[in-house]
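Written below as structure tokens is the structure these notes are about.
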Protein chains: 4
Amino acid sequence: MYNTLGNKITLSTFGESHGLAIGGVLDGYPSNVIIDLDYVQAQLNKRKPGQSSISTPRKEDDVVEFLSGIFEGKSTGAPIGFIIRNNNQNSAEYNALKNVYRPSHADYTYTQKYQHRDHRGGGRSSNRESANWVVAGALCQLLLNIHDIKIQAFVSVIGTVKYENEMWYNTCITEQSIEATPVRCPDTDTCTAMINLINECKAQGNTVGGVINCTIKNVPVGLGNPVFMKLQAQLAHAMLSINATKGFEYGSGFNSAEMLGATHNDAFTINDNKVTTTTNNSGGIQGGISNGETIYFRVAFKPVASIASTQHTITTNNEQVELNIKGRHDPCVVPRAVPIVEALAAIVIANNL
Amino acid sequence: MYNTLGNKITLSTFGESHGLAIGGVLDGYPSNVIIDLDYVQAQLNKRKPGQSSISTPRKEDDVVEFLSGIFEGKSTGAPIGFIIRNNNQNSAEYNALKNVYRPSHADYTYTQKYQHRDHRGGGRSSNRESANWVVAGALCQLLLNIHDIKIQAFVSVIGTVKYENEMWYNTCITEQSIEATPVRCPDTDTCTAMINLINECKAQGNTVGGVINCTIKNVPVGLGNPVFMKLQAQLAHAMLSINATKGFEYGSGFNSAEMLGATHNDAFTINDNKVTTTTNNSGGIQGGISNGETIYFRVAFKPVASIASTQHTITTNNEQVELNIKGRHDPCVVPRAVPIVEALAAIVIANNL
Amino acid sequence: MYNTLGNKITLSTFGESHGLAIGGVLDGYPSNVIIDLDYVQAQLNKRKPGQSSISTPRKEDDVVEFLSGIFEGKSTGAPIGFIIRNNNQNSAEYNALKNVYRPSHADYTYTQKYQHRDHRGGGRSSNRESANWVVAGALCQLLLNIHDIKIQAFVSVIGTVKYENEMWYNTCITEQSIEATPVRCPDTDTCTAMINLINECKAQGNTVGGVINCTIKNVPVGLGNPVFMKLQAQLAHAMLSINATKGFEYGSGFNSAEMLGATHNDAFTINDNKVTTTTNNSGGIQGGISNGETIYFRVAFKPVASIASTQHTITTNNEQVELNIKGRHDPCVVPRAVPIVEALAAIVIANNL
Amino acid sequence: MYNTLGNKITLSTFGESHGLAIGGVLDGYPSNVIIDLDYVQAQLNKRKPGQSSISTPRKEDDVVEFLSGIFEGKSTGAPIGFIIRNNNQNSAEYNALKNVYRPSHADYTYTQKYQHRDHRGGGRSSNRESANWVVAGALCQLLLNIHDIKIQAFVSVIGTVKYENEMWYNTCITEQSIEATPVRCPDTDTCTAMINLINECKAQGNTVGGVINCTIKNVPVGLGNPVFMKLQAQLAHAMLSINATKGFEYGSGFNSAEMLGATHNDAFTINDNKVTTTTNNSGGIQGGISNGETIYFRVAFKPVASIASTQHTITTNNEQVELNIKGRHDPCVVPRAVPIVEALAAIVIANNL
């Protein structure tokens with residue numbers, strides 16, 4: 001089950017960036033959920049390239065077509081099959097790459113593993129796959145809405161520019177503030193600096209990494225299953241499945257390594273007759289199970305591997321060559337990854353409901 | 001399959017810290033592997049408490065008993081069942097905790113999820129479970145030995161004390177240097193500082209977190225399966241399954257967020273007729289598949305939740321109380337977690353062979 | 001994973017009989033298998049209705065469209081996504097059934113389970129789903145061809161008419177003889193009697209059951225895994241997944257209950273330097289693992305539930321009513337199920353290679 | 001997951017007949033079920049050999065030891081680990097078999113698959129494994145008791161002796177009548193004939209097969225999941241996992257092949273304000289989902305392969321030899337398989353609750 005995520009609500013996907021279509025099957029989704037198709041398409045639009053000056057001008061008219069599992073506006077309990085046609089598949093521009101391995105791409109490992117070279121723009125390893133995840137994530141979010149669970153991600157770091165706010169997971173951040181700029185960071189000043197940095201990279205044919213922060217609010221107590229289905233392990237697995245991610249931390253994260261127990265422990269208390277904790281270094285998860293507090297985590301993204309400057313690499317015949325990648329690539333994919341992080345978080349949480 | 005790790009070689013475990021025994025079933029393990037029982041027991045000994053002045057004086061005589069799957073010194077291909085008896089189960093000392101939720105432990109979430117209070121020292125949420133993982137990990141390492149794959153973990157951070165070595169994953173670190181001190185850090189000076197810090201915490205009834213670094217060398221090209229069985233996602237899932245872990249990063253990790261593509265990309269080159277990369281920011285994995293370079297990653301641990309000082313918490317009847325935990329607890333579990341990290345890494349790699 | 005078959009090569013399907021399309025994802029299929037698309041379509045044509053005077057006149061132009069996983073005529077190792085559009089979806093004729101449960105159909109149980117009534121001709125419970133299986137089975141057969149494994153099914157029983165041949169699994173039966181008549185039985189005289197019986201049922205608006213026999217030849221020794229992945233258990237699971245099947249037996253089957261051990265045991269012997277057995281009551285499987293002899297089994301089918309005569313039933317409001325089903329139904333689906341049995345057998349064997 | 005049954009409540013087992021112990025892990029079992037240990041042991045006693053003159057005199061003191069998952073008399077929600085020590089492991093008597101393949105046993109296929117010969121009485125392929133299933137089945141039955149679901153199996157056929165009762169699944173059969181004789185058939189006269197036949201076989205060193213019938217009553221509507229988790233497919237899979245089984249049929253079974261639709265269909269009707277069917281050829285399952293009627297099925301068993309008379313076979317060096325098996329074997333295992341059938345049925349139903 002290499003291309004399947006989840007064990008109760010499961011998403012099985014297929015498709016290459018330059019094939020006829022990508023798509024998936026969402027199985028285990030309960031019946032009688034009202035499916036707001038406009039919402040699903042809107043999420044998909046958030047992910048697509050060509051949205052702004054800071055992303056690739058490549059246009060993908062991602063239109064999802066649902067083939068099954070929905071009847072009279074509601075889910076039926078049967079698997080939901082869907083496809084997204086690939087309309088803008090200009091394979092020709094990849095012909096120059098037919099016999100060469102792009103550095104820090106999946107070209108070399110795929111060719112070695114499958115003994116087959118699909119040079120058409122990443123094929124299965126392309127980030128285009130994440131469009132499938134956004135569709136499934138949107139369906140899962142519709143299910144989470146019934147439980148009032150709210151997922152929100154935003155960009156906190158682009159290169160050396162950082163949104164400094166230690167208590168970000170407790171801050172009220174509106175969707176409008178995130179969507180106000182193409183970098184999807186809630187702070188105006190930081191956004192300006194981020195946009196400047198990305199434009200600088202773009203001008204140099206360079207790329208830059210970043211970090212996405214995410215909160216999941218109103219999660220009921222009891223989600224997640226010890227010892228190998230801990231909620232944080234499921235989230236880490238999902239986030240590290242996104243192309244270009246290099247790290248995951250939740251709650252106090254890597255900072256916790258420097259902390260002392262007396263400071264780190266989250267004291268239980270009663271507030272309004274409800275159990276809560278006075279701090280939330282646990283990140284909403286204790287012993288692998290949600291405790292009702294806000295779940296929050298951060299995901300690190302490396303800079304995109306497709307850069308314009310000359311690179312050293314080898315051919316499929318193991319000859320050393322110099323490579324100049326042409327094409328329409330993003331100087332920074334982190335803002336476009338925001339709906340992807342939200343989608344995978346929604347699938348994980350729905351899988352545990 | 002909540003208590004099962006892996007899909008080809010699978011480990012299913014059971015057991016509570018204060019029950020009769022813990023144990024597991026390792027299924028899918030190939031036949032005819034020579035099983036060095038002394039090696040397995042030696043790995044188990046590395047994990048056990050009471051090894052030094054900086055760990056809990058609680059003694060656990062962890063002796064693994066293999067019940068099946070091994071015949072005439074070799075694996076048979078049948079599932080390997082094993083148990084470890086719990087000999088030192090002093091439940092009485094936990095009686096005081098019967099009606100109270102310890103902060104940042106799993107007490108509250110377990111009780112809410114299972115509607116049942118097993119107050120005996122963590123029960124299933126206890127780190128004692130990891131002894132099972134060490135047994136299975138040692139068996140998997142015996143399989144990896146055939147392929148000359150070498151896994152090595154060590155402590156790089158305890159609180160504010162850090163082993164500073166940017167190229168640690170390319171440094172030749174001997175097992176002797178790691179095992180030379182109870183903190184399992186390869187650098188003598190850093191070890192001294194770490195031990196001092198831990199002793200300080202111990203004196204104050206406090207605890208401290210840390211970071212473990214791990215390398216996996218000689219991994220063949222081709223391990224891992226896109227898109228949801230990527231090697232890094234499997235490793236992240238396994239590491240976040242360890243109690244007290246809060247983060248995982250591989251290759252360039254969180255640092256990659258600040259980097260530019262031209263610097264980050266790993267150029268392919270030919271060396272001694274072998275494909276290699278001039279840098280290894282990819283951490284030995286590209287597109288979710290091993291590329292033959294050293295795999296390396298880091299895991300963050302929070303400070304242990306069992307501290308000696310008075311804490312605010314609530315009872316199972318939602319009354320606010322002050323809690324003083326007695327018992328024999330580790331001021332810092334990070335050094336003891338080194339064999340656990342190695343074990344889970346071995347299980348993940350073996351699962352992908 | 002309700003709609004997924006297999007654990008190494010996995011088929012995940014979706015689609016209702018009267019939705020836009022049905023389809024599936026075949027994951028784990030190895031790379032570099034030459035995909036003969038004409039063969040796949042030919043298998044699909046064998047299954048489709050409207051092939052002869054003894055089947056439903058309803059026409060389904062089942063054209064499979066492959067969306068991924070195949071490049072330059074070969075499999076890539078990526079999941080193979082495919083869809084089959086539903087072109088002949090005359091839902092209107094089912095409107096009369098909107099508020100009534102058809103006897104011995106899935107109407108009642110689906111409505112109770114999903115709390116949702118999809119009255120359009122069976123929806124997910126329709127045998128149309130098996131078109132997906134035939135596509136995946138044909139792909140798996142292409143893989144089996146490389147190993148020279150040959151699967152052949154035929155009709156041995158229609159109602160009271162039986163093809164009497166105790167050693168059928170050792171008889172050389174040609175595909176031509178099976179495909180010579182629409183009932184897919186290799187014996188001409190039996191075919192005539194079967195066709196007469198089916199036509200008689202058709203004239204009366206009645207339906208009739210039957211049995212399909214299947215052989216799998218040239219299976220290598222060693223397929224199947226004890227104790228819960230025994231080859232016969234996987235085959236039984238697959239065959240009982242087909243609509244209308246009521247029983248499965250392999251090797252000596254139900255007859256074995258009457259036999260004595262001394263007669264039943266298959267003596268090992270050496271023939272042409274090859275290990276073989278003098279009899280094959282084991283049906284090619286011992287201890288759940290193939291032993292190199294011909295695997296053979298039989299599958300029982302009940303008569304189709306859609307009959308023309310008046311039936312007693314209830315409405316969705318639990319009122320008792322009389323029902324007359326209109327529409328274009330098969331008097332006997334057993335001949336059309338031959339490629340379905342072959343397809344599922346191919347998927348099971350491929351999954352164990 | 002070769003040795004794992006189920007997907008929600010899962011049983012993972014280990015152990016060979018002549019190793020130290022067999023055992024298993026039952027995961028996913030809900031918390032707070034009262035565990036009647038005496039009931040579990042009583043079920044285990046029903047399976048053990050040496051119960052009567054018609055079974056093997058070999059004694060196995062099967063005592064189950066629960067190691068985890070039960071606290072203060074109730075399940076905790078954690079995995080239930082258990083072992084059964086092998087006390088009567090006389091391997092010596094199998095030494096004569098070290099280099100020979102017993103006909104119709106798993107010796108040959110296991111040796112070929114695992115390239116390893118465990119000659120000690122079947123090893124993993126031994127029916128001893130079923131003791132694990134009886135333990136897990138008894139635990140599942142305790143869960144089913146809460147829902148008032150009742151499973152009852154009995155012997156209907158031994159060789160040529162048959163319990164003739166077409167409506168057996170609607171007949172009130174008491175446990176006492178089944179347990180009244182060692183053959184576990186509810187009819188006294190049939191029992192006498194069965195015992196005579198078995199004793200005759202025993203005297204001749206021969207063995208005989210049989211059939212077990214099973215009913216599952218009070219199953220709620222809605223269990224089972226299309227299309228590959230159909231309840232009948234799960235039951236078939238489980239039953240074909242039992243050693244020596246050769247066939248499975250449910251409801252009208254193989255008889256349905258001869259029937260016409262107008263006779264076979266089960267008319268829905270209202271009885272006491274409850275939906276029911278006037279006949280039950282569906283065997284309580286429609287479209288793969290339970291419909292509230294009695295589920296019933298039959299399982300065919302071949303005669304045991306261990307016979308006393310001389311047999312032709314080959315050695316592990318492919319030499320043809322004559323074999324005389326010594327040891328203490330059952331002339332007919334079918335009566336002892338009754339609790340095994342019940343146990344697996346209980347596990348399957350519990351898995352679907």
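Chain labels follow the order of the structure tokens: the first chain is A, the next B, and so on; residue numbering restarts at 1 in every chain, and ligands are counted from 1 in their shown order.
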List the spatial neighbours of segment 106-108 of chain C as number ranges by chain - criterion: any atom at most 8 Å away, only C-alpha atoms, same-chain residues fewer than 4 positions off excluded. C: 101-102, 112, 117, 119, 122, 125; D: 286-289, 291
Practice item. Write out as a PyMOL selection string each polymer residue whose atoms come within 9 Å of Cys214 of chain A, counting only C-alpha atoms; drop sequence neighbours fewer than 2 positions from it. Key: chain A and resi 151-155+169+212+216+295-299+338+341-342+345
Those residues with all heavy atoms, as a compact mmCIF listing (two decimals), in the first residue's frame please?
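Output saved as again_29.txt:
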# COMPACT_ATOMS: atom_id res chain seq x y z
N ILE A 151 -8.62 23.77 11.21
CA ILE A 151 -7.19 23.65 10.90
C ILE A 151 -6.74 24.92 10.19
O ILE A 151 -7.41 25.40 9.27
CB ILE A 151 -6.94 22.42 10.00
CG1 ILE A 151 -7.32 21.15 10.76
CG2 ILE A 151 -5.49 22.37 9.53
CD1 ILE A 151 -7.24 19.88 9.95
N GLN A 152 -5.59 25.44 10.62
CA GLN A 152 -5.10 26.66 9.99
C GLN A 152 -3.58 26.65 9.92
O GLN A 152 -2.90 26.50 10.94
CB GLN A 152 -5.55 27.88 10.79
CG GLN A 152 -5.32 29.20 10.06
CD GLN A 152 -5.87 30.36 10.85
OE1 GLN A 152 -5.50 30.57 12.00
NE2 GLN A 152 -6.74 31.14 10.23
N ALA A 153 -3.06 26.78 8.71
CA ALA A 153 -1.61 26.82 8.52
C ALA A 153 -1.21 28.16 7.92
O ALA A 153 -2.02 28.82 7.27
CB ALA A 153 -1.17 25.68 7.61
N PHE A 154 0.04 28.53 8.15
CA PHE A 154 0.55 29.77 7.54
C PHE A 154 2.07 29.67 7.45
O PHE A 154 2.69 28.80 8.07
CB PHE A 154 0.12 31.00 8.34
CG PHE A 154 0.64 31.06 9.74
CD1 PHE A 154 1.91 31.58 10.02
CD2 PHE A 154 -0.12 30.57 10.80
CE1 PHE A 154 2.39 31.62 11.32
CE2 PHE A 154 0.36 30.61 12.12
CZ PHE A 154 1.61 31.13 12.37
N VAL A 155 2.66 30.57 6.68
CA VAL A 155 4.11 30.60 6.52
C VAL A 155 4.72 31.42 7.65
O VAL A 155 4.33 32.56 7.88
CB VAL A 155 4.48 31.19 5.15
CG1 VAL A 155 5.98 31.37 5.03
CG2 VAL A 155 3.95 30.30 4.03
N TYR A 169 0.60 29.90 18.42
CA TYR A 169 -0.49 28.91 18.41
C TYR A 169 -1.64 29.35 19.30
O TYR A 169 -2.72 28.75 19.28
CB TYR A 169 0.03 27.53 18.83
CG TYR A 169 0.75 27.52 20.16
CD1 TYR A 169 0.08 27.24 21.33
CD2 TYR A 169 2.12 27.78 20.24
CE1 TYR A 169 0.73 27.24 22.55
CE2 TYR A 169 2.78 27.79 21.44
CZ TYR A 169 2.08 27.50 22.60
OH TYR A 169 2.74 27.51 23.80
N ILE A 212 6.42 26.16 7.65
CA ILE A 212 4.97 26.36 7.80
C ILE A 212 4.56 25.96 9.21
O ILE A 212 4.96 24.91 9.71
CB ILE A 212 4.18 25.56 6.74
CG1 ILE A 212 4.40 26.17 5.36
CG2 ILE A 212 2.69 25.50 7.08
CD1 ILE A 212 3.73 25.43 4.22
N ILE A 216 -4.39 23.02 14.99
CA ILE A 216 -5.64 22.26 14.85
C ILE A 216 -6.41 22.49 16.13
O ILE A 216 -5.99 22.07 17.20
CB ILE A 216 -5.37 20.76 14.65
CG1 ILE A 216 -4.28 20.53 13.58
CG2 ILE A 216 -6.65 20.04 14.26
CD1 ILE A 216 -3.90 19.07 13.39
N ILE A 295 -3.67 21.50 19.06
CA ILE A 295 -2.54 20.79 18.48
C ILE A 295 -1.80 21.76 17.58
O ILE A 295 -2.43 22.47 16.79
CB ILE A 295 -3.03 19.56 17.68
CG1 ILE A 295 -3.67 18.54 18.63
CG2 ILE A 295 -1.89 18.93 16.88
CD1 ILE A 295 -4.32 17.37 17.94
N TYR A 296 -0.49 21.80 17.72
CA TYR A 296 0.26 22.70 16.83
C TYR A 296 1.60 22.07 16.46
O TYR A 296 2.19 21.34 17.25
CB TYR A 296 0.42 24.09 17.43
CG TYR A 296 1.23 24.16 18.70
CD1 TYR A 296 2.58 24.50 18.68
CD2 TYR A 296 0.65 23.93 19.94
CE1 TYR A 296 3.32 24.59 19.84
CE2 TYR A 296 1.38 24.01 21.11
CZ TYR A 296 2.72 24.34 21.06
OH TYR A 296 3.45 24.42 22.21
N PHE A 297 2.02 22.35 15.26
CA PHE A 297 3.28 21.77 14.79
C PHE A 297 3.88 22.66 13.70
O PHE A 297 3.22 23.58 13.19
CB PHE A 297 3.05 20.35 14.26
CG PHE A 297 2.09 20.24 13.11
CD1 PHE A 297 2.53 20.41 11.80
CD2 PHE A 297 0.74 19.98 13.33
CE1 PHE A 297 1.64 20.32 10.74
CE2 PHE A 297 -0.16 19.89 12.27
CZ PHE A 297 0.29 20.06 10.97
N ARG A 298 5.13 22.39 13.37
CA ARG A 298 5.87 23.15 12.37
C ARG A 298 6.54 22.19 11.40
O ARG A 298 7.01 21.13 11.79
CB ARG A 298 6.91 24.06 13.02
CG ARG A 298 6.30 25.08 13.98
CD ARG A 298 7.38 25.85 14.75
NE ARG A 298 7.94 26.94 13.96
CZ ARG A 298 9.23 27.03 13.61
NH1 ARG A 298 10.10 26.10 13.97
NH2 ARG A 298 9.66 28.05 12.89
N VAL A 299 6.61 22.59 10.14
CA VAL A 299 7.19 21.75 9.11
C VAL A 299 8.24 22.56 8.33
O VAL A 299 7.94 23.66 7.87
CB VAL A 299 6.10 21.25 8.12
CG1 VAL A 299 6.69 20.25 7.13
CG2 VAL A 299 4.93 20.64 8.87
N VAL A 338 0.95 25.71 1.90
CA VAL A 338 0.05 25.91 3.04
C VAL A 338 -1.22 25.05 2.92
O VAL A 338 -1.57 24.31 3.84
CB VAL A 338 -0.27 27.42 3.22
CG1 VAL A 338 -1.46 27.62 4.15
CG2 VAL A 338 0.96 28.15 3.77
N VAL A 341 -0.34 21.31 3.60
CA VAL A 341 -0.19 20.97 5.03
C VAL A 341 -1.56 20.86 5.68
O VAL A 341 -1.84 19.90 6.42
CB VAL A 341 0.69 22.04 5.74
CG1 VAL A 341 0.58 21.92 7.26
CG2 VAL A 341 2.14 21.91 5.29
N GLU A 342 -2.43 21.82 5.38
CA GLU A 342 -3.79 21.77 5.96
C GLU A 342 -4.53 20.51 5.52
O GLU A 342 -5.24 19.87 6.31
CB GLU A 342 -4.59 23.01 5.54
CG GLU A 342 -4.12 24.29 6.22
CD GLU A 342 -4.89 25.53 5.74
OE1 GLU A 342 -5.54 25.46 4.67
OE2 GLU A 342 -4.82 26.56 6.42
N ALA A 345 -3.17 17.40 7.30
CA ALA A 345 -3.60 17.44 8.71
C ALA A 345 -5.06 17.03 8.82
O ALA A 345 -5.44 16.27 9.72
CB ALA A 345 -3.37 18.84 9.28
With 6 Å as the limit and counting only C-alpha atoms, what residues in chain A lie close to chain C? Please list them as a PDB file with N, CA and C atoms, in the first residue's frame.
ATOM      1  N   PHE A  14      -2.986   8.117  -7.479  1.00  0.00           N
ATOM      2  CA  PHE A  14      -2.215   7.745  -8.664  1.00  0.00           C
ATOM      3  C   PHE A  14      -1.963   8.996  -9.488  1.00  0.00           C
ATOM      4  N   GLY A  15      -1.087   8.879 -10.487  1.00  0.00           N
ATOM      5  CA  GLY A  15      -0.933   9.961 -11.444  1.00  0.00           C
ATOM      6  C   GLY A  15       0.439  10.584 -11.491  1.00  0.00           C
ATOM      7  N   GLY A  19       1.156  12.772 -17.197  1.00  0.00           N
ATOM      8  CA  GLY A  19       0.262  11.749 -17.712  1.00  0.00           C
ATOM      9  C   GLY A  19      -1.081  12.369 -18.061  1.00  0.00           C
ATOM     10  N   LEU A  20      -2.072  11.533 -18.296  1.00  0.00           N
ATOM     11  CA  LEU A  20      -3.391  12.043 -18.667  1.00  0.00           C
ATOM     12  C   LEU A  20      -4.099  12.729 -17.508  1.00  0.00           C
ATOM     13  N   ALA A  21      -3.975  12.124 -16.339  1.00  0.00           N
ATOM     14  CA  ALA A  21      -4.697  12.661 -15.191  1.00  0.00           C
ATOM     15  C   ALA A  21      -4.061  12.142 -13.925  1.00  0.00           C
ATOM     16  N   SER A  31     -21.085   8.109   5.374  1.00  0.00           N
ATOM     17  CA  SER A  31     -22.200   8.528   4.514  1.00  0.00           C
ATOM     18  C   SER A  31     -22.878   9.763   5.076  1.00  0.00           C
ATOM     19  N   LEU A  67     -16.235  11.060  -9.441  1.00  0.00           N
ATOM     20  CA  LEU A  67     -16.795   9.989 -10.258  1.00  0.00           C
ATOM     21  C   LEU A  67     -17.715   9.058  -9.497  1.00  0.00           C
ATOM     22  N   SER A  68     -17.652   9.101  -8.178  1.00  0.00           N
ATOM     23  CA  SER A  68     -18.428   8.123  -7.389  1.00  0.00           C
ATOM     24  C   SER A  68     -18.510   8.552  -5.939  1.00  0.00           C
ATOM     25  N   PRO A  79     -16.711   4.367  -1.701  1.00  0.00           N
ATOM     26  CA  PRO A  79     -15.465   5.102  -1.956  1.00  0.00           C
ATOM     27  C   PRO A  79     -15.673   6.245  -2.942  1.00  0.00           C
ATOM     28  N   GLY A  81     -14.263   8.313  -5.726  1.00  0.00           N
ATOM     29  CA  GLY A  81     -13.218   8.357  -6.750  1.00  0.00           C
ATOM     30  C   GLY A  81     -13.213   9.715  -7.416  1.00  0.00           C
ATOM     31  N   TYR A 114      13.251   1.762 -10.191  1.00  0.00           N
ATOM     32  CA  TYR A 114      12.273   1.189 -11.114  1.00  0.00           C
ATOM     33  C   TYR A 114      12.903   0.750 -12.425  1.00  0.00           C
TER      34      TYR A 114
END
Taking only segment 76-180 of chain A into account, list the residues labelled alpha helix (DSSP H) by DSSP (computed from the backbone), as number ranges by chain. A: 107-114, 130-146, 175-179
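Distance check against Thr279 of chain B using only C-alpha atoms: of A:Ser104, A:Ser256, A:Ser53, A:Ser309, the minimum falls on A:Ser104.
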re atom CA of Thr294 of chain C and atom CA of Lys217 of chain C: distance 4.9 Å
In terms of only C-alpha atoms, the residue from A:Asn352, A:Gln311, A:Ala300, A:Tyr29 at minimal distance from Ala136 of chain A is A:Tyr29
For atom CA of Ala350 of chain B and atom CA of Leu143 of chain C, determine how far apart the two atoms are, in Å to one decimal place.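 Computing it gives 26.6 Å between the two atoms.
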Within 6 Å of Thr313 of chain A using only C-alpha atoms, minus same-chain residues under 5 positions, as a list of chain:residue names: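 Final neighbour list, sorted by chain and number: A:Gln320, A:Val321, B:Ala267, B:Phe268, B:Thr269.
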For the residues selected in the previous step, produce a file with all heavy atoms as a PDB file, in the first residue's frame.
ATOM      1  N   GLN A 320      29.923  12.853 -16.438  1.00  0.00           N
ATOM      2  CA  GLN A 320      29.771  14.128 -15.746  1.00  0.00           C
ATOM      3  C   GLN A 320      29.476  15.224 -16.766  1.00  0.00           C
ATOM      4  O   GLN A 320      30.159  15.343 -17.768  1.00  0.00           O
ATOM      5  CB  GLN A 320      31.034  14.437 -14.956  1.00  0.00           C
ATOM      6  CG  GLN A 320      31.308  13.322 -13.924  1.00  0.00           C
ATOM      7  CD  GLN A 320      32.399  13.677 -12.950  1.00  0.00           C
ATOM      8  OE1 GLN A 320      33.181  14.570 -13.196  1.00  0.00           O
ATOM      9  NE2 GLN A 320      32.433  12.963 -11.830  1.00  0.00           N
ATOM     10  N   VAL A 321      28.429  16.007 -16.476  1.00  0.00           N
ATOM     11  CA  VAL A 321      28.037  17.091 -17.392  1.00  0.00           C
ATOM     12  C   VAL A 321      27.643  18.327 -16.598  1.00  0.00           C
ATOM     13  O   VAL A 321      27.476  18.269 -15.374  1.00  0.00           O
ATOM     14  CB  VAL A 321      26.829  16.685 -18.278  1.00  0.00           C
ATOM     15  CG1 VAL A 321      27.231  15.624 -19.287  1.00  0.00           C
ATOM     16  CG2 VAL A 321      25.670  16.221 -17.408  1.00  0.00           C
TER      17      VAL A 321
ATOM     18  N   ALA B 267      25.222  18.090  -5.776  1.00  0.00           N
ATOM     19  CA  ALA B 267      25.652  17.769  -7.146  1.00  0.00           C
ATOM     20  C   ALA B 267      26.038  16.298  -7.253  1.00  0.00           C
ATOM     21  O   ALA B 267      26.737  15.761  -6.393  1.00  0.00           O
ATOM     22  CB  ALA B 267      26.842  18.652  -7.528  1.00  0.00           C
ATOM     23  N   PHE B 268      25.551  15.651  -8.304  1.00  0.00           N
ATOM     24  CA  PHE B 268      25.972  14.268  -8.573  1.00  0.00           C
ATOM     25  C   PHE B 268      27.367  14.272  -9.172  1.00  0.00           C
ATOM     26  O   PHE B 268      27.720  15.170  -9.973  1.00  0.00           O
ATOM     27  CB  PHE B 268      25.015  13.600  -9.570  1.00  0.00           C
ATOM     28  CG  PHE B 268      23.713  13.191  -8.965  1.00  0.00           C
ATOM     29  CD1 PHE B 268      22.543  13.874  -9.284  1.00  0.00           C
ATOM     30  CD2 PHE B 268      23.656  12.122  -8.074  1.00  0.00           C
ATOM     31  CE1 PHE B 268      21.332  13.497  -8.725  1.00  0.00           C
ATOM     32  CE2 PHE B 268      22.439  11.750  -7.516  1.00  0.00           C
ATOM     33  CZ  PHE B 268      21.275  12.440  -7.844  1.00  0.00           C
ATOM     34  N   THR B 269      28.154  13.293  -8.857  1.00  0.00           N
ATOM     35  CA  THR B 269      29.472  13.153  -9.451  1.00  0.00           C
ATOM     36  C   THR B 269      29.843  11.671  -9.459  1.00  0.00           C
ATOM     37  O   THR B 269      29.134  10.848  -8.888  1.00  0.00           O
ATOM     38  CB  THR B 269      30.516  13.985  -8.681  1.00  0.00           C
ATOM     39  OG1 THR B 269      31.737  13.956  -9.417  1.00  0.00           O
ATOM     40  CG2 THR B 269      30.754  13.433  -7.289  1.00  0.00           C
TER      41      THR B 269
END
Test item: residues at most 12 Å from Asn165 of chain A, only C-alpha atoms, excluding those fewer than 3 positions along its chain, as an mmCIF file with C-alpha atoms, in the first residue's frame:
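Result file follows (around01.cif):
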data_model
loop_
_atom_site.group_PDB
_atom_site.id
_atom_site.type_symbol
_atom_site.label_atom_id
_atom_site.label_comp_id
_atom_site.auth_asym_id
_atom_site.auth_seq_id
_atom_site.Cartn_x
_atom_site.Cartn_y
_atom_site.Cartn_z
ATOM 1 C CA SER A 156 6.332 31.560 9.454
ATOM 2 C CA VAL A 157 9.752 31.499 7.825
ATOM 3 C CA LYS A 162 10.922 35.073 10.261
ATOM 4 C CA TRP A 168 1.668 31.956 17.682
ATOM 5 C CA TYR A 169 -0.487 28.912 18.413
ATOM 6 C CA ASN A 170 -2.483 30.906 20.926
ATOM 7 C CA THR A 171 -2.765 33.993 18.753
ATOM 8 C CA CYS A 172 -5.994 34.689 16.930
ATOM 9 C CA ILE A 173 -4.963 34.667 13.307
ATOM 10 C CA CYS A 185 2.057 35.002 6.480
ATOM 11 C CA PRO A 186 -0.292 36.791 8.884
ATOM 12 C CA ASP A 187 2.048 39.727 9.573
ATOM 13 C CA THR A 190 7.106 40.179 7.587
ATOM 14 C CA ASN A 213 3.211 26.520 11.160
#
